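Student: Below is the file structure-v9.csv, which contains CSV, C-alpha atoms.
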```csv
chain,number,residue,atom,x,y,z
A,300,MET,CA,-46.9,-18.8,-29.9
A,301,ARG,CA,-45.6,-22.0,-28.2
A,302,ALA,CA,-42.1,-20.6,-28.1
A,303,LEU,CA,-43.4,-17.7,-26.1
A,304,LEU,CA,-45.0,-19.8,-23.3
A,305,PRO,CA,-41.8,-20.5,-21.4
A,306,PHE,CA,-40.9,-16.9,-21.7
A,307,LEU,CA,-44.2,-15.7,-20.4
A,308,GLY,CA,-43.9,-18.1,-17.5
A,309,LEU,CA,-40.5,-16.7,-16.6
A,310,VAL,CA,-41.9,-13.2,-16.7
A,311,THR,CA,-44.7,-14.2,-14.3
A,312,PHE,CA,-42.1,-15.8,-12.0
A,313,LEU,CA,-39.9,-12.7,-12.0
A,314,GLN,CA,-42.8,-10.4,-11.3
A,315,ALA,CA,-44.0,-12.6,-8.3
A,316,LYS,CA,-43.5,-10.8,-5.0
A,317,ASP,CA,-43.9,-11.1,-1.3
A,318,ILE,CA,-46.7,-8.8,0.0
A,319,PRO,CA,-46.7,-7.9,3.7
A,320,VAL,CA,-50.3,-8.0,5.2
A,321,THR,CA,-51.1,-5.5,7.9
A,322,ASP,CA,-54.8,-6.4,8.2
A,323,PRO,CA,-55.7,-10.1,7.8
A,324,ALA,CA,-59.3,-9.2,7.5
A,325,ALA,CA,-58.7,-7.3,4.3
A,326,LEU,CA,-56.3,-9.3,2.2
A,327,PRO,CA,-54.8,-7.4,-0.8
A,328,ALA,CA,-55.2,-8.6,-4.4
A,329,ALA,CA,-52.5,-10.9,-5.6
A,330,GLN,CA,-51.2,-12.2,-8.9
A,331,PRO,CA,-49.9,-15.7,-9.8
A,332,GLY,CA,-46.8,-16.4,-7.9
A,333,ASP,CA,-47.4,-13.8,-5.2
A,334,SER,CA,-47.2,-14.6,-1.5
A,335,LEU,CA,-49.2,-12.7,1.1
A,336,ILE,CA,-47.2,-12.7,4.3
A,337,LEU,CA,-49.1,-12.6,7.6
A,338,PRO,CA,-47.2,-11.2,10.6
A,339,GLU,CA,-46.6,-12.9,13.9
A,340,GLY,CA,-49.2,-12.4,16.6
A,341,GLU,CA,-52.7,-13.5,17.8
A,342,PHE,CA,-55.7,-12.4,15.8
A,343,ARG,CA,-59.2,-12.8,17.2
A,344,ASP,CA,-62.5,-13.1,15.4
A,345,VAL,CA,-61.0,-12.5,11.9
A,346,GLU,CA,-62.9,-13.5,8.8
A,347,LEU,CA,-60.2,-14.4,6.4
A,348,LEU,CA,-61.2,-14.5,2.7
A,349,LEU,CA,-58.6,-15.3,0.0
A,350,ILE,CA,-59.7,-14.7,-3.5
A,351,GLY,CA,-57.5,-15.2,-6.5
A,352,THR,CA,-56.5,-17.2,-9.5
A,353,GLY,CA,-53.0,-18.6,-9.5
A,354,THR,CA,-51.6,-21.3,-11.7
A,355,LYS,CA,-50.1,-24.8,-11.0
A,356,ALA,CA,-46.6,-23.4,-11.5
A,357,ALA,CA,-47.3,-20.1,-9.8
A,358,PRO,CA,-49.9,-20.4,-7.1
A,359,ILE,CA,-51.1,-17.5,-4.9
A,360,THR,CA,-49.9,-18.2,-1.3
A,361,LEU,CA,-51.2,-16.9,2.0
A,362,LYS,CA,-48.7,-17.8,4.7
A,363,ALA,CA,-47.3,-17.0,8.1
A,364,ALA,CA,-44.1,-15.1,8.2
A,365,VAL,CA,-43.0,-17.6,10.8
A,366,PRO,CA,-44.9,-21.0,10.6
A,367,GLY,CA,-47.1,-21.5,13.6
A,368,LYS,CA,-46.6,-17.9,14.9
A,369,THR,CA,-49.7,-16.4,13.2
A,370,ILE,CA,-52.5,-17.5,15.4
A,371,PHE,CA,-56.2,-17.1,14.8
A,372,THR,CA,-58.6,-17.5,17.8
A,373,GLY,CA,-62.3,-17.1,18.7
A,374,LYS,CA,-64.7,-16.8,15.8
A,375,SER,CA,-62.0,-16.6,13.2
A,376,THR,CA,-62.8,-18.3,9.9
A,377,LEU,CA,-61.1,-18.9,6.5
A,378,ARG,CA,-62.8,-19.1,3.1
A,379,LEU,CA,-61.1,-19.7,-0.3
A,380,SER,CA,-62.4,-18.7,-3.7
A,381,GLY,CA,-60.5,-19.3,-6.9
A,382,GLU,CA,-57.9,-21.7,-8.2
A,383,HIS,CA,-54.4,-22.7,-7.2
A,384,LEU,CA,-54.4,-21.0,-3.8
A,385,VAL,CA,-52.1,-22.2,-1.0
A,386,ILE,CA,-52.5,-21.7,2.7
A,387,GLU,CA,-49.3,-22.3,4.7
A,388,GLY,CA,-48.1,-22.2,8.3
A,389,LEU,CA,-51.3,-20.9,10.0
A,390,HIS,CA,-52.5,-21.9,13.5
A,391,PHE,CA,-56.2,-21.9,14.4
A,392,LYS,CA,-56.3,-22.2,18.2
A,393,GLU,CA,-59.3,-22.7,20.4
A,394,PRO,CA,-61.9,-22.1,17.6
A,395,ASP,CA,-65.3,-21.1,18.8
A,396,PRO,CA,-67.8,-23.9,17.9
A,397,SER,CA,-70.5,-21.4,17.3
A,398,VAL,CA,-69.0,-20.5,13.9
A,399,GLY,CA,-70.2,-23.8,12.5
A,400,ASP,CA,-67.6,-24.2,9.8
A,401,LEU,CA,-64.0,-23.1,10.5
A,402,ILE,CA,-62.3,-23.5,7.1
A,403,LEU,CA,-64.2,-23.9,3.9
A,404,PHE,CA,-62.8,-24.3,0.4
A,405,ARG,CA,-65.5,-22.1,-1.0
A,406,LYS,CA,-66.7,-18.5,-0.6
A,407,ASP,CA,-70.4,-19.5,-0.8
A,408,SER,CA,-72.6,-22.2,-2.2
A,409,LYS,CA,-72.1,-20.8,-5.8
A,410,THR,CA,-68.4,-19.9,-5.6
A,411,LEU,CA,-66.2,-22.9,-5.0
A,412,ALA,CA,-62.4,-23.3,-4.9
A,413,ASN,CA,-60.5,-25.7,-7.1
A,414,GLN,CA,-56.9,-27.1,-7.1
A,415,CYS,CA,-56.0,-25.5,-3.8
A,416,ARG,CA,-53.8,-26.6,-0.9
A,417,LEU,CA,-53.7,-26.4,2.9
A,418,THR,CA,-50.2,-27.3,4.2
A,419,ASN,CA,-48.2,-27.1,7.4
A,420,CYS,CA,-51.2,-25.7,9.3
A,421,ALA,CA,-52.8,-26.7,12.6
A,422,ILE,CA,-56.2,-26.6,14.3
A,423,THR,CA,-56.0,-27.3,18.0
A,424,SER,CA,-58.4,-27.0,20.9
A,425,THR,CA,-58.6,-27.7,24.6
A,426,LEU,CA,-62.2,-26.5,24.8
A,427,LYS,CA,-64.9,-28.8,26.1
A,428,GLU,CA,-68.0,-28.4,24.0
A,429,ASP,CA,-71.4,-29.3,25.5
A,430,GLY,CA,-72.4,-31.3,22.4
A,431,THR,CA,-75.5,-29.2,21.6
A,432,LYS,CA,-73.9,-27.2,18.7
A,433,GLU,CA,-72.6,-28.8,15.6
A,434,SER,CA,-69.3,-27.6,14.2
A,435,ARG,CA,-66.8,-28.8,11.6
A,436,TRP,CA,-63.1,-27.8,11.3
A,437,LEU,CA,-62.5,-28.3,7.6
A,438,GLY,CA,-64.7,-28.7,4.6
A,439,LEU,CA,-63.5,-29.4,1.0
A,440,TYR,CA,-65.6,-28.4,-2.0
A,441,GLY,CA,-64.8,-28.4,-5.6
A,442,ILE,CA,-62.0,-30.4,-7.3
A,443,GLY,CA,-58.4,-31.4,-6.8
A,444,HIS,CA,-57.4,-30.0,-3.4
A,445,ARG,CA,-54.5,-31.2,-1.3
A,446,VAL,CA,-54.4,-31.2,2.5
A,447,ASP,CA,-51.0,-32.2,3.8
A,448,HIS,CA,-48.7,-32.0,6.8
A,449,CYS,CA,-51.4,-30.5,9.0
A,450,SER,CA,-52.4,-31.3,12.6
A,451,PHE,CA,-56.0,-31.6,13.9
A,452,ILE,CA,-56.0,-32.0,17.6
A,453,GLY,CA,-58.6,-32.0,20.4
A,454,LYS,CA,-61.9,-31.5,18.7
A,455,THR,CA,-64.9,-32.2,21.0
A,456,GLY,CA,-68.6,-31.9,20.6
A,457,LYS,CA,-70.9,-32.8,17.7
A,458,GLY,CA,-69.6,-32.4,14.1
A,459,THR,CA,-67.2,-34.2,11.9
A,460,THR,CA,-63.6,-32.9,12.1
A,461,PHE,CA,-62.9,-33.0,8.3
A,462,VAL,CA,-65.6,-33.3,5.6
A,463,VAL,CA,-65.4,-33.8,1.8
A,464,TRP,CA,-68.6,-32.4,0.2
A,465,LEU,CA,-69.8,-33.5,-3.2
A,466,GLY,CA,-72.1,-31.3,-5.2
A,467,LYS,CA,-72.0,-32.9,-8.6
A,468,GLU,CA,-70.4,-35.8,-10.4
A,469,GLY,CA,-66.8,-34.9,-11.0
A,470,ASP,CA,-66.2,-33.2,-7.6
A,471,GLY,CA,-63.5,-34.7,-5.4
A,472,LYS,CA,-60.2,-36.0,-6.6
A,473,HIS,CA,-58.6,-34.6,-3.4
A,474,GLN,CA,-55.4,-35.8,-1.8
A,475,ILE,CA,-55.2,-36.0,2.0
A,476,ASP,CA,-51.8,-37.0,3.2
A,477,HIS,CA,-49.2,-36.8,5.9
A,478,ASN,CA,-51.6,-35.3,8.4
A,479,TYR,CA,-51.8,-35.9,12.2
A,480,PHE,CA,-55.3,-36.5,13.6
A,481,GLY,CA,-54.9,-36.2,17.3
A,482,PRO,CA,-57.0,-37.3,20.2
A,483,ARG,CA,-60.8,-36.8,20.0
A,484,GLU,CA,-62.9,-37.9,23.0
A,485,LYS,CA,-65.9,-40.1,22.8
A,486,LEU,CA,-69.1,-38.2,21.8
A,487,GLY,CA,-71.6,-40.9,22.7
A,488,LYS,CA,-73.7,-40.5,19.5
A,489,ASN,CA,-73.4,-40.1,15.8
A,490,GLY,CA,-71.5,-37.0,14.5
A,491,GLY,CA,-68.1,-37.7,15.9
A,492,GLU,CA,-66.3,-38.9,12.8
A,493,THR,CA,-62.7,-37.7,12.2
A,494,ILE,CA,-63.0,-37.8,8.4
A,495,ARG,CA,-66.1,-38.2,6.2
A,496,LEU,CA,-65.9,-38.4,2.5
A,497,GLY,CA,-69.4,-37.6,1.1
A,498,ASP,CA,-72.8,-38.1,2.6
A,499,SER,CA,-75.6,-40.5,2.1
A,500,LYS,CA,-77.3,-38.3,-0.5
A,501,THR,CA,-74.2,-38.2,-2.7
A,502,SER,CA,-72.9,-41.6,-1.8
A,503,MET,CA,-73.2,-43.1,-5.3
A,504,MET,CA,-71.0,-40.3,-6.8
A,505,THR,CA,-67.4,-41.1,-7.5
A,506,ALA,CA,-65.1,-39.0,-5.3
A,507,ALA,CA,-61.8,-40.7,-6.2
A,508,CYS,CA,-60.0,-39.2,-3.2
A,509,ILE,CA,-56.7,-40.5,-1.9
A,510,VAL,CA,-56.2,-40.7,1.9
A,511,GLU,CA,-52.7,-41.8,2.6
A,512,HIS,CA,-49.8,-41.6,5.1
A,513,ASN,CA,-51.9,-40.1,7.8
A,514,LEU,CA,-51.7,-40.9,11.5
A,515,PHE,CA,-54.9,-41.2,13.6
A,516,GLU,CA,-54.3,-41.4,17.3
A,517,LYS,CA,-57.0,-42.0,19.9
A,518,CYS,CA,-59.7,-40.6,17.5
A,519,ASN,CA,-62.5,-42.0,19.6
A,520,GLY,CA,-65.4,-39.7,18.7
A,521,GLU,CA,-67.7,-42.6,17.5
A,522,ALA,CA,-67.7,-46.0,15.9
A,523,GLU,CA,-66.6,-44.5,12.5
A,524,CYS,CA,-63.2,-42.9,12.7
A,525,ILE,CA,-63.3,-42.6,8.9
A,526,SER,CA,-66.8,-42.7,7.3
A,527,ASN,CA,-66.6,-43.4,3.6
A,528,LYS,CA,-69.8,-42.2,1.9
A,529,SER,CA,-68.8,-42.0,-1.8
A,530,CYS,CA,-67.3,-44.2,-4.5
A,531,GLY,CA,-63.8,-45.0,-5.8
A,532,ASN,CA,-61.7,-43.7,-2.8
A,533,LEU,CA,-58.3,-45.1,-1.9
A,534,TYR,CA,-57.2,-45.5,1.8
A,535,ARG,CA,-53.5,-46.4,1.7
A,536,GLU,CA,-50.7,-46.7,4.3
A,537,ASN,CA,-52.4,-44.9,7.2
A,538,THR,CA,-51.9,-45.7,10.8
A,539,PHE,CA,-54.6,-46.0,13.4
A,540,LEU,CA,-53.2,-46.0,16.9
A,541,GLU,CA,-55.5,-46.9,19.8
A,542,VAL,CA,-58.5,-45.7,17.8
A,543,GLY,CA,-61.9,-46.6,19.4
A,544,GLY,CA,-63.6,-47.0,16.0
A,545,THR,CA,-63.1,-48.3,12.5
A,546,LEU,CA,-62.3,-47.3,9.0
A,547,THR,CA,-65.9,-47.8,7.8
A,548,LEU,CA,-67.0,-48.2,4.1
A,549,ARG,CA,-70.4,-46.9,5.1
A,550,HIS,CA,-71.9,-45.9,1.8
A,551,GLY,CA,-70.6,-46.1,-1.8
A,552,ASN,CA,-68.9,-48.7,-3.8
A,553,GLY,CA,-65.5,-49.6,-5.3
A,554,CYS,CA,-63.2,-48.4,-2.6
A,555,THR,CA,-59.7,-49.8,-1.8
A,556,VAL,CA,-58.2,-50.1,1.7
A,557,GLU,CA,-54.6,-51.3,1.5
A,558,ARG,CA,-51.4,-51.4,3.6
A,559,ASN,CA,-52.9,-49.6,6.6
A,560,VAL,CA,-51.8,-50.4,10.1
A,561,PHE,CA,-54.2,-50.7,13.0
A,562,ILE,CA,-52.6,-50.9,16.5
A,563,GLY,CA,-55.0,-51.3,19.4
A,564,ASN,CA,-52.5,-52.0,22.3
A,565,GLU,CA,-55.5,-53.9,23.8
A,566,VAL,CA,-57.3,-50.6,24.5
A,567,ASN,CA,-61.0,-51.2,24.9
A,568,GLY,CA,-63.2,-50.8,21.8
A,569,THR,CA,-60.3,-50.5,19.3
A,570,GLY,CA,-61.4,-51.5,15.8
A,571,GLY,CA,-60.4,-52.2,12.3
A,572,ILE,CA,-62.2,-52.2,9.0
A,573,ARG,CA,-66.0,-52.4,8.4
A,574,ILE,CA,-67.4,-53.3,5.0
A,575,ILE,CA,-70.8,-52.3,3.5
A,576,GLY,CA,-71.7,-52.1,-0.2
A,577,GLU,CA,-70.2,-53.5,-3.4
A,578,ASP,CA,-66.8,-54.1,-5.1
A,579,HIS,CA,-64.6,-53.1,-2.2
A,580,ILE,CA,-61.0,-54.3,-2.0
A,581,VAL,CA,-59.4,-54.8,1.5
A,582,ARG,CA,-55.8,-56.0,1.1
A,583,ASP,CA,-52.4,-56.2,2.8
A,584,ASN,CA,-53.5,-54.4,6.0
A,585,TYR,CA,-51.9,-55.1,9.4
A,586,LEU,CA,-54.1,-55.3,12.5
A,587,GLU,CA,-52.7,-56.0,16.0
A,588,ASN,CA,-54.1,-56.2,19.5
A,589,LEU,CA,-57.6,-54.9,18.7
A,590,THR,CA,-60.4,-55.5,21.2
A,591,GLY,CA,-63.5,-54.3,19.4
A,592,ASP,CA,-66.4,-56.6,18.7
A,593,LYS,CA,-69.3,-56.7,16.3
A,594,ALA,CA,-69.2,-53.4,14.3
A,595,ARG,CA,-65.8,-52.7,15.8
A,596,SER,CA,-64.3,-56.1,15.0
A,597,SER,CA,-61.0,-56.3,13.2
A,598,ILE,CA,-62.7,-57.1,9.9
A,599,CYS,CA,-66.5,-56.7,9.9
A,600,LEU,CA,-69.0,-57.4,7.1
A,601,MET,CA,-72.5,-56.0,7.8
A,602,LEU,CA,-75.9,-57.4,6.8
A,603,GLY,CA,-77.7,-55.6,4.1
A,604,VAL,CA,-81.2,-54.2,4.1
A,605,PRO,CA,-83.6,-55.2,1.2
A,606,ASN,CA,-84.2,-52.3,-1.1
A,607,SER,CA,-82.1,-50.2,1.2
A,608,PRO,CA,-82.7,-46.4,1.3
A,609,ALA,CA,-79.6,-44.3,0.9
A,610,ASN,CA,-79.0,-43.9,4.6
A,611,ARG,CA,-79.2,-47.6,5.6
A,612,TYR,CA,-77.1,-50.6,4.7
A,613,PHE,CA,-76.5,-52.0,1.2
A,614,GLN,CA,-75.6,-55.6,0.8
A,615,VAL,CA,-71.9,-56.6,0.7
A,616,GLN,CA,-71.3,-57.9,-2.8
A,617,ARG,CA,-68.0,-58.9,-4.5
A,618,ALA,CA,-65.7,-57.8,-1.7
A,619,LYS,CA,-62.1,-59.1,-1.9
A,620,ILE,CA,-60.4,-59.4,1.4
A,621,THR,CA,-56.9,-60.6,0.7
A,622,GLY,CA,-53.4,-60.7,2.2
A,623,ASN,CA,-54.3,-59.1,5.5
A,624,THR,CA,-52.4,-59.9,8.7
A,625,LEU,CA,-54.2,-60.1,12.1
A,626,VAL,CA,-52.3,-60.6,15.3
A,627,ASN,CA,-53.8,-61.1,18.8
A,628,CYS,CA,-57.1,-59.5,17.9
A,629,GLU,CA,-60.1,-60.5,20.1
A,630,HIS,CA,-62.7,-60.6,17.3
A,631,PRO,CA,-60.7,-61.2,14.1
A,632,ILE,CA,-63.6,-61.6,11.6
A,633,SER,CA,-67.3,-60.9,12.1
A,634,ILE,CA,-69.8,-61.6,9.3
A,635,GLY,CA,-73.4,-60.6,9.2
A,636,VAL,CA,-73.4,-58.0,11.9
A,637,SER,CA,-76.7,-56.1,12.0
A,638,ASP,CA,-77.9,-52.8,13.5
A,639,GLY,CA,-81.6,-53.4,13.0
A,640,LYS,CA,-84.3,-56.0,12.4
A,641,ASP,CA,-84.7,-54.8,8.8
A,642,ALA,CA,-81.3,-56.1,7.8
A,643,SER,CA,-81.4,-59.7,6.3
A,644,LEU,CA,-79.1,-59.8,3.3
A,645,PRO,CA,-75.8,-61.7,3.9
A,646,PRO,CA,-72.6,-61.0,2.0
A,647,ILE,CA,-72.4,-62.6,-1.5
A,648,ASP,CA,-69.7,-63.3,-4.0
A,649,THR,CA,-67.1,-62.3,-1.4
A,650,VAL,CA,-63.6,-63.8,-1.1
A,651,PHE,CA,-61.2,-64.2,1.8
A,652,GLU,CA,-57.9,-65.2,0.3
A,653,GLY,CA,-54.3,-65.4,1.6
A,654,ASN,CA,-55.0,-63.8,5.0
A,655,GLN,CA,-52.7,-64.6,7.8
A,656,ILE,CA,-54.2,-64.8,11.3
A,657,SER,CA,-52.4,-65.4,14.6
A,658,CYS,CA,-55.0,-65.0,17.4
A,659,PRO,CA,-54.4,-68.2,19.5
A,660,LYS,CA,-56.7,-67.1,22.3
A,661,TYR,CA,-59.7,-66.3,20.2
A,662,SER,CA,-62.1,-67.8,17.6
A,663,LEU,CA,-61.4,-66.8,14.0
A,664,VAL,CA,-65.0,-66.1,12.7
A,665,GLU,CA,-68.2,-65.0,14.4
A,666,ALA,CA,-71.0,-65.6,11.9
A,667,PHE,CA,-74.4,-64.0,12.3
A,668,CYS,CA,-75.8,-65.1,9.0
A,669,ASP,CA,-75.5,-67.7,6.3
A,670,LEU,CA,-72.0,-68.0,4.8
A,671,GLY,CA,-73.0,-69.5,1.5
A,672,GLY,CA,-71.8,-66.3,-0.3
A,673,ILE,CA,-68.3,-66.4,1.2
A,674,THR,CA,-65.4,-68.2,-0.5
A,675,TRP,CA,-62.3,-69.0,1.5
A,676,LYS,CA,-58.9,-69.6,-0.3
A,677,ALA,CA,-55.4,-70.2,1.1
A,678,ASN,CA,-56.0,-68.5,4.5
A,679,THR,CA,-53.7,-69.6,7.4
A,680,ALA,CA,-54.8,-69.3,11.0
A,681,ALA,CA,-53.5,-70.1,14.5
A,682,VAL,CA,-56.6,-69.7,16.6
A,683,LYS,CA,-58.5,-71.2,19.5
A,684,ALA,CA,-61.3,-72.3,17.2
A,685,LEU,CA,-62.5,-71.6,13.7
A,686,GLY,CA,-66.0,-70.6,14.8
A,687,ILE,CA,-67.4,-72.1,11.6
A,688,PRO,CA,-67.3,-75.6,10.0
A,689,ALA,CA,-63.9,-76.7,8.8
A,690,THR,CA,-63.1,-75.6,5.3
A,691,SER,CA,-60.2,-76.3,2.9
A,692,GLY,CA,-59.8,-72.6,2.4
A,693,ILE,CA,-58.6,-72.1,6.0
A,694,GLN,CA,-55.5,-74.0,7.0
A,695,ILE,CA,-54.7,-74.4,10.7
A,696,GLY,CA,-51.0,-73.7,11.2
A,697,GLU,CA,-48.4,-71.1,11.8
A,698,PRO,CA,-49.2,-68.1,9.6
A,699,LYS,CA,-46.5,-66.0,7.9
A,700,ILE,CA,-46.5,-62.7,9.7
A,701,SER,CA,-45.3,-59.7,7.8
A,702,LYS,CA,-45.6,-56.6,10.0
A,703,ILE,CA,-45.9,-53.2,8.5
A,704,ASN,CA,-44.2,-50.4,10.4
A,705,PRO,CA,-46.6,-47.8,11.7
A,706,ILE,CA,-46.2,-44.2,10.7
A,707,ALA,CA,-43.8,-42.2,12.9
A,708,ARG,CA,-45.3,-39.2,14.6
A,709,SER,CA,-42.3,-37.0,13.5
A,710,THR,CA,-43.2,-37.5,9.8
A,711,VAL,CA,-46.8,-36.2,9.9
A,712,GLY,CA,-48.5,-33.0,10.9
A,713,ALA,CA,-47.4,-29.4,11.1
A,714,ALA,CA,-43.6,-29.2,11.2
A,715,TRP,CA,-43.4,-26.3,13.7
```
Since I need it in another form, could you write the structure as structure tokens?
Tutor:
Amino acid sequence: MRALLPFLGLVTFLQAKDIPVTDPAALPAAQPGDSLILPEGEFRDVELLLIGTGTKAAPITLKAAVPGKTIFTGKSTLRLSGEHLVIEGLHFKEPDPSVGDLILFRKDSKTLANQCRLTNCAITSTLKEDGTKESRWLGLYGIGHRVDHCSFIGKTGKGTTFVVWLGKEGDGKHQIDHNYFGPREKLGKNGGETIRLGDSKTSMMTAACIVEHNLFEKCNGEAECISNKSCGNLYRENTFLEVGGTLTLRHGNGCTVERNVFIGNEVNGTGGIRIIGEDHIVRDNYLENLTGDKARSSICLMLGVPNSPANRYFQVQRAKITGNTLVNCEHPISIGVSDGKDASLPPIDTVFEGNQISCPKYSLVEAFCDLGGITWKANTAAVKALGIPATSGIQIGEPKISKINPIARSTVGAAW
């Protein structure tokens, strides 16, 4: 039987075919390896539904005949149901916010997609929403999806641009990479995140997602550009350019933030990394010319709430903040920031080690709580003042600056 498997795979490959689609609202059935080819043109108010079961080696693909030339507008939506499905080269333009959810990796609440991919696609808008209706552009359900080389530009109004939803333990394990998240104007209230992984109700579930090699530019919807609300996620080698918010570890534990670049260019309110919860690792990131203070500080540790409910603030415990480089940031490190009178628990068992800080015009630390739970080791700082009592773990001198190059715009997003 084992000897037949390569032969059967070859037969499937040879039988795979390109199937022209005349009516996007009624996609034909497809077999593993087939590609459904959408024609050039603009299609309005189309409800796309792709159902099928491909394989890892022979996925079912729905793609534009010419990438970027198949355009869906108005109340058009896309739903996926099955496994190993690929969406490629589509453009959703000026989506109507009344649809609520534009693209979902599920057919309905009982029929999820798994191991699917969205690649070389774009969602763009110049519409100005009034903020009364909540809409989301992309929602991932199920397990093992990849979203790569896509562009998300111009969302306004209430609603997170991109959400990972967790229904049960084991969901997640998605890869989000090489995407361009373009300008998003300030909303003025919660609900303007660019990416949210999980929510407060599922925040103790392990999502184990990887978010890497993405470019976030002027994503200013709210204080949380990325809102982490699950456990075990990795944020690696992303660039945040003039973002009026932070990468926020809002709920959940055991996440890693490493080798990301934050460039503020002295734009008002530009932030870095905000830490809440347990066992997070923040290492080898590069932060430059950020102006945000308190919750938008370059590195911010929040106060915890005793017996915190799921939607409040858990105490920072066992955080490791190591090897980061901060250059000309107005508020390099803020510890014990609070958003309410019920927050009183300072960070504990937390280590700052080997960080290099060159902020000669500014104080190194702003402390709003007792620092007995903080350990300082081998940090080097050129600053106006420490802001805290002298410690052997912070050496005043010229730090060793190792700049990480930001992601080039040409390497991310849709390629058409």
Student: Considering all atoms listed in the file, can you say which of A:Ala677, A:Pro338, A:Ala363, A:Ala713 comes closest to Tyr479 of chain A?
Tutor: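 The answer is A:Ala713, which sits nearest to Tyr479 of chain A.
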Student: Which residues are close to segment 402-414 of chain A, i.e. within 8 Å by only C-alpha atoms, leaving aside same-chain residues fewer than 5 positions away? Reply as a tab-separated table (two decimals) with C-alpha atoms, in the coordinates of the input.
Tutor:
```tsv
chain	number	residue	atom	x	y	z
A	348	LEU	CA	-61.20	-14.50	2.70
A	376	THR	CA	-62.80	-18.30	9.90
A	377	LEU	CA	-61.10	-18.90	6.50
A	378	ARG	CA	-62.80	-19.10	3.10
A	379	LEU	CA	-61.10	-19.70	-0.30
A	380	SER	CA	-62.40	-18.70	-3.70
A	381	GLY	CA	-60.50	-19.30	-6.90
A	382	GLU	CA	-57.90	-21.70	-8.20
A	383	HIS	CA	-54.40	-22.70	-7.20
A	384	LEU	CA	-54.40	-21.00	-3.80
A	436	TRP	CA	-63.10	-27.80	11.30
A	437	LEU	CA	-62.50	-28.30	7.60
A	438	GLY	CA	-64.70	-28.70	4.60
A	439	LEU	CA	-63.50	-29.40	1.00
A	440	TYR	CA	-65.60	-28.40	-2.00
A	441	GLY	CA	-64.80	-28.40	-5.60
A	442	ILE	CA	-62.00	-30.40	-7.30
A	443	GLY	CA	-58.40	-31.40	-6.80
A	444	HIS	CA	-57.40	-30.00	-3.40
A	445	ARG	CA	-54.50	-31.20	-1.30
```
Student: List the neighbours of segment 600-604 of chain A out to 7 Å using all atoms listed in the file; skip same-chain residues closer than 4 positions along the sequence, and give me the result as an MDAnalysis selection string.
Tutor: chainID A and resid 573:575 612:615 633:637 641:646
Student: With all atoms listed in the file counted, which protein, DNA or RNA residues have an atom no more than 10 Å from (-63.0, -38.4, 20.5) in the file frame? Please answer as a count of residues only.
Tutor: 25
Student: In Å, rounded to a single decimal, give me how far atom CA of Ile632 of chain A is from atom CA of Asn654 of chain A.
Tutor: 11.1 Å
Student: Give me, please, the distance in Å between atom CA of Cys449 of chain A and atom CA of Ser526 of chain A, quoted to one decimal.
Tutor: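 Going from atom CA of Cys449 of chain A over to atom CA of Ser526 of chain A covers 19.7 Å.
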Student: Looking at A:Leu670, A:Leu417, A:Leu496, A:Leu389, which one is nearest to Asp648 of chain A, with distances taken over only C-alpha atoms?
Tutor: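 Smallest separation from Asp648 of chain A among the options: A:Leu670.
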Student: Identify, on the basis of all atoms listed in the file, every residue whose closest approach to Pro327 of chain A does not exceed 10 Å; exclude the query and any residue fewer than 4 positions from it along the same chain; express the result as a PyMOL selection string.
Tutor: chain A and resi 318-323+335+349-350
Student: Have a look at atom CA of Thr649 of chain A and atom CA of Gly576 of chain A and let me know their distance in Å, one decimal.
Tutor: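 Atom CA of Gly576 of chain A lies at a distance of 11.3 Å from atom CA of Thr649 of chain A.
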Student: I'd like the contact shell of His550 of chain A - 6 Å cut-off, all atoms listed in the file, skipping same-chain residues fewer than 2 positions apart - returned as a PyMOL selection string.
Tutor: chain A and resi 502+528+548
Student: For Arg435 of chain A, find every residue with an atom within 9 Å (counting all atoms listed in the file), except residues of its own chain fewer than 4 positions away, and show them as number ranges by chain.
Tutor: A: 396, 398-402, 457-462
Student: Return the single residue from A:Gly353, A:Gly531, A:Gly712, A:Gly622 that is closest to Val650 of chain A, with distances computed using all atoms listed in the file.
Tutor: A:Gly622
Student: Which of these, A:Ile703, A:Leu533, A:Ile693, A:Val664, has the shortest distance to His630 of chain A once you count only C-alpha atoms?
Tutor: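 For His630 of chain A, the nearest of the given residues is A:Val664.
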Student: Taking all atoms listed in the file into account, which of A:Cys658, A:Gly553, A:Leu347, A:Glu587 comes nearest Glu565 of chain A?
Tutor: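 Closest residue, counting all atoms listed in the file: A:Glu587.
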